[in-house]
Amino acid sequence: MSTLENIQTVLKQHKLSNDDYTHIKKILGREPNLVEIGIFSAMWSEHCSYKSSKKHLSGFPTKAPWVIQGPGENAGVIDIGGGYAAVFKMESHNHPSFIEPYQGAATGVGGIMRDVFTMGARPIANLNALRFGNVLNKDDISAHQRYLVRGVVAGIGGYGNCMGVPTIGGETSFDECYNGNILVNAFTLGLAKSDEIFYGRAEGIGNPVIYVGSKTGRDGLGGAVMSSDSFTEASKSLRPTVQVGDPFTEKLLLEACLELFKTDYVIGIQDMGAAGLTSSAFEMAGRSGSGMIMHLDRVPAREEGMEPYEFMLSESQERMLLCARKGTEQAIIDIFEKWDLDCAVIGEVTATGNMELFWHGEKCADVPVNPVSEEAPVLDRPMSRPAYLDSIVKVTLADFDAVDNQTAFEKLIASMEVVDKGWIYQQYDSMVQANTIKKGGELDASVIRIKENGVALAMSADCNVRYCYIDPKAGAAAAVIESGRNVAMSGATPKAITDCLNYGNPENPEVMWQFAQGCLGIKEACLELNTPVIGGNVSLYNETNGKSVFPTPAIAMVGVNEDQNKVLLSTFQKEGNSLYLIGENKSEFGGSLYMKELYATVAGTIPSISYIAERALWDLVIEANKKGLLASAKDCSAGGAAITLAKMACVSGKGIKATVNVTDTRDIFAESMSRAIIEVAPENCAAFEAMLGDLQSQKIGIVGGDIFSVNDVTMNLSDMQSIYYNTFKQVIEGDL
């Protein structure tokens, strides 16, 4: 194993510091070779080691009676009753999607689905959380953002649809802060029997290590390392680090794995995601304290002349590594060959504690497994409260010229955040598998039924990035709260979250402070609301030319409704039904859509948070729904009560006449938390009102007619629907 010349250049290429190099030499007891440098580089990248974030992630609440598997595996697992479990996770594919939107988004979907079916679960639902820059202008930036929207959506739809997994909802938002870095967060939920979960471990001395799936090529080289750096103009040349996905191969791999899981051949199995064979092998061996021998010349290759370095760091898609019981090798090969997939025994588990790599019989790397993960750098990066907070915290509506409510409403209902995103979700197959109860476009949480045990699973992905900008801690807590509220409004009890923590450059002390505060907010909210964190992902360096994105801790909440026949919808159900506004309506406009759209300002103080009021709202809706008292429910969020009612009217095709009691006439657009619009049939009003207890509420109006009327705002329903349903398509297809 030869030593390296020009080590400083090699270290720079691999995003390793001189201190890292000294540490590597200490671990190995000698100089590393290029393969070993590549291994350390990948495993110590931000993506694999979380070196900048690990310090702040400790202390997340991760346990509850219903949690089967928390963080640390391919995906988290919760018990959903009747002997079944939901397996789910969300991950980012931000940098690849910005460079190559179609393949970046597609392989993000493919990777998260593998994380789920690696655990033994069949994927049954996908969500996504997408953030783009300004798409409204007639300039090159907006034109490029519209191109990115089209590419990302096509990639998500192309991969998910081919896999036969419904994409049932998600969230899409737009802000100038994403002009240089879009965010693509993908979520998958799968179903498994609760006593048949598979884990990513390699144990049992002499047990074979088997490679399955697609052949390995040179695509994706350096993908994990790329996540440890910011973008510049030169980053546009990074297309070779973006992998190319093949959903048809992944479908075969899914079915082959699920067939394999019916046997007792498997000890452990791991998806080859970021850092490919390196991360999968080291993680499997590391979890059980084992060593491993791998013969890289036995790895199925797609390209000629590949070297050990390339085999270890390729991020070719649709590949898995598994540890099997000795003696089952041929039976496993037979299964994968039946599904027309490559399958090769490439090594075995050892007791050495080392990863020993061979190339045509000669050892080409020898690295202790444990130190690669246990001694990865844990950085205590400097932090400082951002200076901008002092200048924005005192901003209120009084600082701006007043706008009449009719004008404000017409501006808000046409905003990109509010209008229907049918152009997006209609490209996704949301009904495949025939279990979707509530899908994209039907507001708030998406819901699927589980035929096997009679329950329904509700899920929602949320984050108000304006809140996170003006108050990183409370904004992150608000993301947990809103995702939980959306789930509760469907009648389901929120159970657990997975997250994607998207932030800027951690080398900037202000960004690091934002991240630390966001973690504190998530911890607090999950603890107070009893919704543990069972897995997630950190994506840093979302920065281009020195400009970081707003803090964006996307939260995906999953909840359980014990009766799939009692899923509560979020749109008006019947003319003549009464409408209630539950919760306290205060003049809170900090970080509001109102302030952003009317005054191009993101500032102020975030609306106040009360976990007691929030949980009381959830409990009211869940219990009233069980009793059959509710017709529909939708949470109040961006745009306040007026925009919430408008969305419900547009989607249901039913007008309303409502009067909301307010202190300031503009408060119909205020964004106070812990509020919801509830629709109740006249015969159930008395019983519902008897359940309200100490919760603030007001009966605000009646469903019906072809006019939308709230206080001093009036619009013909058909005109409002035309704006709501047509605007997005006109913008994204460039018809400005």
# chains A, B, ... in the order shown; residues from 1 in each chain; ligands from 1

$ residues_around --residues "Ala344 of chain A" --least-positions-apart "6" --cutoff "9 Å" --atoms "only C-alpha atoms" --output "PyMOL selection string"
chain A and resi 209-212+298-300+329+333

$ select_by_dssp --residues "segment 340-369 of chain A" --states "strand (DSSP E or B)" --output "list in words"
Asp342, Cys343, Ala344, Val345, Ile346, Gly347, Glu348, Val349, Thr350, Asn354, Met355, Glu356, Leu357, Phe358, Trp359, Glu362, Lys363, Cys364, Ala365, Asp366, Val367 and Pro368 of chain A

$ residues_around --residues "Gly169 of chain A" --least-positions-apart "5" --cutoff "7 Å" --atoms "only C-alpha atoms" --output "JSON, numbers by chain"
{"A": [127, 128, 439, 440, 446]}

$ closest_residue --among "A:Val67, A:Cys650, A:Cys323, A:Leu501" --to "Gln517 of chain A" --atoms "only C-alpha atoms"
A:Leu501

$ closest_residue --among "A:Ile534, A:Val455, A:Val487, A:Leu221" --to "Val77 of chain A" --atoms "only C-alpha atoms"
A:Ile534

$ residues_around --residues "Val418 of chain A" --least-positions-apart "3" --cutoff "10 Å" --atoms "only C-alpha atoms" --output "PyMOL selection string"
chain A and resi 172-173+412-415+421+593+638-639+643-644+646-647+724+728

$ write_last_selection --atoms "N, CA, C and O atoms" --output "PDB file, in the first residue's frame"
ATOM      1  N   THR A 172     -44.861  22.726  -0.809  1.00  0.00           N
ATOM      2  CA  THR A 172     -43.989  23.459  -1.726  1.00  0.00           C
ATOM      3  C   THR A 172     -44.072  24.940  -1.389  1.00  0.00           C
ATOM      4  O   THR A 172     -45.170  25.494  -1.290  1.00  0.00           O
ATOM      5  N   SER A 173     -42.926  25.575  -1.195  1.00  0.00           N
ATOM      6  CA  SER A 173     -42.935  27.011  -0.902  1.00  0.00           C
ATOM      7  C   SER A 173     -41.812  27.706  -1.672  1.00  0.00           C
ATOM      8  O   SER A 173     -40.904  27.054  -2.196  1.00  0.00           O
ATOM      9  N   LEU A 412     -53.262  38.046  -1.376  1.00  0.00           N
ATOM     10  CA  LEU A 412     -52.883  36.811  -0.683  1.00  0.00           C
ATOM     11  C   LEU A 412     -53.411  35.566  -1.378  1.00  0.00           C
ATOM     12  O   LEU A 412     -52.709  34.566  -1.484  1.00  0.00           O
ATOM     13  N   ILE A 413     -54.650  35.609  -1.860  1.00  0.00           N
ATOM     14  CA  ILE A 413     -55.235  34.410  -2.460  1.00  0.00           C
ATOM     15  C   ILE A 413     -54.500  34.023  -3.743  1.00  0.00           C
ATOM     16  O   ILE A 413     -54.508  32.863  -4.161  1.00  0.00           O
ATOM     17  N   ALA A 414     -53.813  34.991  -4.354  1.00  0.00           N
ATOM     18  CA  ALA A 414     -53.070  34.711  -5.590  1.00  0.00           C
ATOM     19  C   ALA A 414     -51.592  34.429  -5.340  1.00  0.00           C
ATOM     20  O   ALA A 414     -50.832  34.209  -6.287  1.00  0.00           O
ATOM     21  N   SER A 415     -51.168  34.425  -4.071  1.00  0.00           N
ATOM     22  CA  SER A 415     -49.739  34.227  -3.787  1.00  0.00           C
ATOM     23  C   SER A 415     -49.328  32.788  -4.048  1.00  0.00           C
ATOM     24  O   SER A 415     -50.132  31.849  -3.928  1.00  0.00           O
ATOM     25  N   LYS A 421     -51.428  23.714  -5.937  1.00  0.00           N
ATOM     26  CA  LYS A 421     -50.239  23.212  -6.644  1.00  0.00           C
ATOM     27  C   LYS A 421     -50.587  21.988  -7.501  1.00  0.00           C
ATOM     28  O   LYS A 421     -49.791  21.063  -7.641  1.00  0.00           O
ATOM     29  N   LEU A 593     -47.476  35.694   6.279  1.00  0.00           N
ATOM     30  CA  LEU A 593     -47.628  35.780   4.837  1.00  0.00           C
ATOM     31  C   LEU A 593     -48.131  37.172   4.451  1.00  0.00           C
ATOM     32  O   LEU A 593     -47.736  37.718   3.419  1.00  0.00           O
ATOM     33  N   ALA A 638     -50.813  29.974   7.509  1.00  0.00           N
ATOM     34  CA  ALA A 638     -50.427  31.124   6.678  1.00  0.00           C
ATOM     35  C   ALA A 638     -51.657  31.830   6.113  1.00  0.00           C
ATOM     36  O   ALA A 638     -52.522  31.199   5.520  1.00  0.00           O
ATOM     37  N   GLY A 639     -51.713  33.131   6.330  1.00  0.00           N
ATOM     38  CA  GLY A 639     -52.830  33.917   5.827  1.00  0.00           C
ATOM     39  C   GLY A 639     -54.003  34.001   6.770  1.00  0.00           C
ATOM     40  O   GLY A 639     -54.996  34.677   6.477  1.00  0.00           O
ATOM     41  N   ILE A 643     -57.730  33.247   4.811  1.00  0.00           N
ATOM     42  CA  ILE A 643     -57.161  32.397   3.766  1.00  0.00           C
ATOM     43  C   ILE A 643     -57.491  30.927   4.016  1.00  0.00           C
ATOM     44  O   ILE A 643     -57.718  30.157   3.072  1.00  0.00           O
ATOM     45  N   THR A 644     -57.556  30.516   5.279  1.00  0.00           N
ATOM     46  CA  THR A 644     -57.963  29.142   5.592  1.00  0.00           C
ATOM     47  C   THR A 644     -59.368  28.878   5.066  1.00  0.00           C
ATOM     48  O   THR A 644     -59.628  27.871   4.389  1.00  0.00           O
ATOM     49  N   ALA A 646     -60.889  30.510   2.721  1.00  0.00           N
ATOM     50  CA  ALA A 646     -60.882  30.613   1.259  1.00  0.00           C
ATOM     51  C   ALA A 646     -60.421  29.308   0.611  1.00  0.00           C
ATOM     52  O   ALA A 646     -61.001  28.860  -0.388  1.00  0.00           O
ATOM     53  N   LYS A 647     -59.383  28.703   1.166  1.00  0.00           N
ATOM     54  CA  LYS A 647     -58.917  27.423   0.626  1.00  0.00           C
ATOM     55  C   LYS A 647     -60.005  26.363   0.736  1.00  0.00           C
ATOM     56  O   LYS A 647     -60.252  25.593  -0.205  1.00  0.00           O
ATOM     57  N   TYR A 724     -57.297  30.482  -7.753  1.00  0.00           N
ATOM     58  CA  TYR A 724     -56.704  29.441  -6.909  1.00  0.00           C
ATOM     59  C   TYR A 724     -56.163  28.279  -7.742  1.00  0.00           C
ATOM     60  O   TYR A 724     -55.080  27.761  -7.461  1.00  0.00           O
ATOM     61  N   PHE A 728     -50.817  28.887 -10.531  1.00  0.00           N
ATOM     62  CA  PHE A 728     -49.534  28.184 -10.435  1.00  0.00           C
ATOM     63  C   PHE A 728     -49.078  27.675 -11.802  1.00  0.00           C
ATOM     64  O   PHE A 728     -47.921  27.855 -12.188  1.00  0.00           O
TER      65      PHE A 728
END

$ closest_residue --among "A:Cys162, A:Val621, A:Ala516, A:Ala633" --to "Ser384 of chain A" --atoms "only C-alpha atoms"
A:Ala516

$ closest_atom_pairs --of "segment 348-440 of chain A" --to "segment 8-29 of chain A" --cutoff "8 Å" --atoms "only C-alpha atoms" --output "tab-separated table"
residue	atom	partner	partner_atom	distance
A:Val367	CA	A:Leu28	CA	6.7
A:Pro368	CA	A:Leu28	CA	7.4
A:Pro371	CA	A:Ile27	CA	7.1
A:Pro377	CA	A:Asp20	CA	7.8

$ write_last_selection --atoms "N, CA, C and O atoms" --output "short mmCIF file (atom, residue, chain, number, x, y, z; two decimals), in the first residue's frame"
data_model
loop_
_atom_site.label_atom_id
_atom_site.label_comp_id
_atom_site.auth_asym_id
_atom_site.auth_seq_id
_atom_site.Cartn_x
_atom_site.Cartn_y
_atom_site.Cartn_z
N VAL A 367 -8.46 -0.71 7.54
CA VAL A 367 -8.90 0.41 8.38
C VAL A 367 -9.70 -0.12 9.57
O VAL A 367 -10.65 -0.89 9.37
N PRO A 368 -9.36 0.27 10.79
CA PRO A 368 -10.18 -0.12 11.95
C PRO A 368 -11.59 0.46 11.81
O PRO A 368 -11.75 1.65 11.51
N PRO A 371 -13.04 3.28 14.99
CA PRO A 371 -12.59 4.68 15.00
C PRO A 371 -13.14 5.53 13.86
O PRO A 371 -13.25 6.75 14.00
N PRO A 377 -14.56 13.53 13.60
CA PRO A 377 -14.50 14.84 14.27
C PRO A 377 -15.89 15.27 14.76
O PRO A 377 -16.88 15.15 14.03
#
